[in-house]
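Novice: One structure is given below, represented as structure tokens, and several questions about it will come after.
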Amino acid sequence: MTEAVTDFDYEELPATTTLGMHLVAGAAAGIMEHSVMYPVDIVKTRMQVVGSTTMYSGVAQALRSISTTEGMRSLYRGVMSVVLGAGPAHAVYFATYEQTKKVLAGGNANAMAA
């Protein structure tokens with residue numbers, strides 16, 4: 001007996017996924033991405049400040065310096081405003097992308113490679 005093997009793209013949601021599910025998936029992805037990368041963005045911003053009295057030799061040293069002098073919470077100061085904006089923005093972006101892909105593929109979203 002031969003079994004039919006269906007090849008699924010691990011990054012692809014099933015074709016029957018609703019618009020609401022795309023919105024939720026986009027919001028969750030955006031919130032997670034911004035929450036995880038926020039400390040790196042803080043370090044990047046501080047390293048780019050011109051005329052700063054604090055000089056960092058690298059990202060790891062800057063993370064250590066900021067967390068020991070100001071505390072670990074300082075790396076996440078202001079993250080909620082970014083998260084509150086990222087959720088809806090990524091939800092709309094992801095859902096629009098998926099719906100556009102479906103329209104351009106003639107209703108078969110799995111036919112188009114991303």
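Ordering of the structure tokens sets the chain letters (A, B, ...); residue numbers start at 1 within each chain; ligands are numbered from 1 in the order shown.
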Quick one: residues within 9 Å of A:Met47, only C-alpha atoms, excluding same-chain residues fewer than 6 positions away - as a list in words?

Specialist: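 Neighbouring residues, sequence-local ones excluded: Thr54, Met55, Tyr56, Gly58, Val59 and Ala62 of chain A.
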
Novice: Go ahead and save the residues from that selection, with C-alpha atoms, as an mmCIF file, in the first residue's frame.

Specialist:
```cif
data_model
loop_
_atom_site.group_PDB
_atom_site.id
_atom_site.type_symbol
_atom_site.label_atom_id
_atom_site.label_comp_id
_atom_site.auth_asym_id
_atom_site.auth_seq_id
_atom_site.Cartn_x
_atom_site.Cartn_y
_atom_site.Cartn_z
ATOM 1 C CA THR A 54 29.758 56.290 28.206
ATOM 2 C CA MET A 55 31.690 54.388 25.573
ATOM 3 C CA TYR A 56 30.897 50.751 24.923
ATOM 4 C CA GLY A 58 30.677 46.051 21.989
ATOM 5 C CA VAL A 59 27.137 44.790 22.358
ATOM 6 C CA ALA A 62 27.066 47.347 26.717
#
```

Novice: Give me the residues near A:Ala28 as number ranges by chain, where near means some atom within 8 Å (using only C-alpha atoms) and where sequence neighbours in that chain fewer than 4 positions away do not count.

Specialist: A: 24, 32, 87, 91

Novice: Do you know which residues are at most 12 Å from A:Glu33 counting only C-alpha atoms, after dropping those on the same chain fewer than 5 positions away, and could you put them as a list of chain:residue names?

Specialist: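 In the requested format, the answer is A:Gly26, A:Ala27, A:Ala28, A:Tyr38, A:Pro39, A:Val40, A:Asp41, A:Val79, A:Val82, A:Val83, A:Ala86, A:Gly87, A:His90.
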
Novice: Identify, on the basis of only C-alpha atoms, every residue whose closest approach to A:Ser74 does not exceed 12 Å; exclude the query and any residue fewer than 3 positions from it along the same chain; express the result as a PyMOL selection string.

Specialist: chain A and resi 38-39+42-43+63-71+77-79

Novice: Dump N, CA, C and O atoms for the selected residues as a PDB file, in the first residue's frame?

Specialist:
```pdb
ATOM      1  N   TYR A  38      13.963  43.970  21.944  1.00  0.00           N
ATOM      2  CA  TYR A  38      13.967  45.293  22.564  1.00  0.00           C
ATOM      3  C   TYR A  38      15.283  45.619  23.278  1.00  0.00           C
ATOM      4  O   TYR A  38      15.819  46.721  23.080  1.00  0.00           O
ATOM      5  N   PRO A  39      15.845  44.714  24.083  1.00  0.00           N
ATOM      6  CA  PRO A  39      17.134  45.042  24.727  1.00  0.00           C
ATOM      7  C   PRO A  39      18.248  45.315  23.715  1.00  0.00           C
ATOM      8  O   PRO A  39      19.082  46.202  23.929  1.00  0.00           O
ATOM      9  N   ILE A  42      17.762  48.795  22.495  1.00  0.00           N
ATOM     10  CA  ILE A  42      18.215  49.757  23.506  1.00  0.00           C
ATOM     11  C   ILE A  42      19.723  49.941  23.402  1.00  0.00           C
ATOM     12  O   ILE A  42      20.233  51.065  23.388  1.00  0.00           O
ATOM     13  N   VAL A  43      20.452  48.848  23.325  1.00  0.00           N
ATOM     14  CA  VAL A  43      21.913  48.902  23.224  1.00  0.00           C
ATOM     15  C   VAL A  43      22.323  49.616  21.938  1.00  0.00           C
ATOM     16  O   VAL A  43      23.207  50.477  21.951  1.00  0.00           O
ATOM     17  N   LEU A  63      25.508  45.512  27.135  1.00  0.00           N
ATOM     18  CA  LEU A  63      24.439  44.828  27.876  1.00  0.00           C
ATOM     19  C   LEU A  63      24.826  44.637  29.338  1.00  0.00           C
ATOM     20  O   LEU A  63      24.027  44.892  30.240  1.00  0.00           O
ATOM     21  N   ARG A  64      26.064  44.193  29.561  1.00  0.00           N
ATOM     22  CA  ARG A  64      26.545  44.008  30.944  1.00  0.00           C
ATOM     23  C   ARG A  64      26.569  45.326  31.700  1.00  0.00           C
ATOM     24  O   ARG A  64      26.109  45.418  32.835  1.00  0.00           O
ATOM     25  N   SER A  65      27.097  46.352  31.079  1.00  0.00           N
ATOM     26  CA  SER A  65      27.227  47.646  31.731  1.00  0.00           C
ATOM     27  C   SER A  65      25.867  48.240  32.085  1.00  0.00           C
ATOM     28  O   SER A  65      25.660  48.713  33.208  1.00  0.00           O
ATOM     29  N   ILE A  66      24.946  48.209  31.152  1.00  0.00           N
ATOM     30  CA  ILE A  66      23.611  48.769  31.396  1.00  0.00           C
ATOM     31  C   ILE A  66      22.884  47.980  32.471  1.00  0.00           C
ATOM     32  O   ILE A  66      22.286  48.557  33.381  1.00  0.00           O
ATOM     33  N   SER A  67      22.943  46.658  32.392  1.00  0.00           N
ATOM     34  CA  SER A  67      22.206  45.845  33.372  1.00  0.00           C
ATOM     35  C   SER A  67      22.809  45.936  34.771  1.00  0.00           C
ATOM     36  O   SER A  67      22.078  45.867  35.754  1.00  0.00           O
ATOM     37  N   THR A  68      24.140  46.104  34.890  1.00  0.00           N
ATOM     38  CA  THR A  68      24.726  46.192  36.234  1.00  0.00           C
ATOM     39  C   THR A  68      24.580  47.590  36.835  1.00  0.00           C
ATOM     40  O   THR A  68      24.360  47.715  38.033  1.00  0.00           O
ATOM     41  N   THR A  69      24.672  48.628  36.033  1.00  0.00           N
ATOM     42  CA  THR A  69      24.576  49.982  36.591  1.00  0.00           C
ATOM     43  C   THR A  69      23.134  50.445  36.765  1.00  0.00           C
ATOM     44  O   THR A  69      22.831  51.160  37.720  1.00  0.00           O
ATOM     45  N   GLU A  70      22.239  50.038  35.864  1.00  0.00           N
ATOM     46  CA  GLU A  70      20.856  50.510  35.921  1.00  0.00           C
ATOM     47  C   GLU A  70      19.857  49.421  36.273  1.00  0.00           C
ATOM     48  O   GLU A  70      18.688  49.716  36.503  1.00  0.00           O
ATOM     49  N   GLY A  71      20.295  48.175  36.270  1.00  0.00           N
ATOM     50  CA  GLY A  71      19.398  47.058  36.550  1.00  0.00           C
ATOM     51  C   GLY A  71      18.847  46.442  35.275  1.00  0.00           C
ATOM     52  O   GLY A  71      18.776  47.098  34.240  1.00  0.00           O
ATOM     53  N   ARG A  77      12.657  49.063  29.748  1.00  0.00           N
ATOM     54  CA  ARG A  77      11.915  50.286  30.027  1.00  0.00           C
ATOM     55  C   ARG A  77      11.321  50.820  28.719  1.00  0.00           C
ATOM     56  O   ARG A  77      12.027  51.071  27.766  1.00  0.00           O
ATOM     57  N   GLY A  78      10.010  50.954  28.677  1.00  0.00           N
ATOM     58  CA  GLY A  78       9.322  51.447  27.490  1.00  0.00           C
ATOM     59  C   GLY A  78       8.863  50.376  26.519  1.00  0.00           C
ATOM     60  O   GLY A  78       8.314  50.697  25.468  1.00  0.00           O
ATOM     61  N   VAL A  79       9.062  49.117  26.868  1.00  0.00           N
ATOM     62  CA  VAL A  79       8.707  48.039  25.939  1.00  0.00           C
ATOM     63  C   VAL A  79       7.196  47.949  25.697  1.00  0.00           C
ATOM     64  O   VAL A  79       6.764  47.575  24.611  1.00  0.00           O
TER      65      VAL A  79
END
```

Novice: Identify, with DSSP run on backbone atoms, the residues in chain A assigned to helix (DSSP H, G or I), and express the list as a count of residues only.

Specialist: 76

Novice: Rank A:Met37, A:Ala25, A:Ala60, A:Leu19 by their smallest atom-to-atom distance to A:Thr100, using only C-alpha atoms, and report the top residue only.

Specialist: A:Leu19

Novice: To one decimal place in Å, what is the distance between atom CA of A:Thr96 and atom CA of A:Leu13?

Specialist: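 So the answer is 14.3 Å.
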
Novice: Which value, in Å to one decimal, gives the distance between atom CA of A:Glu98 and atom CA of A:Ser81?

Specialist: 26.3 Å
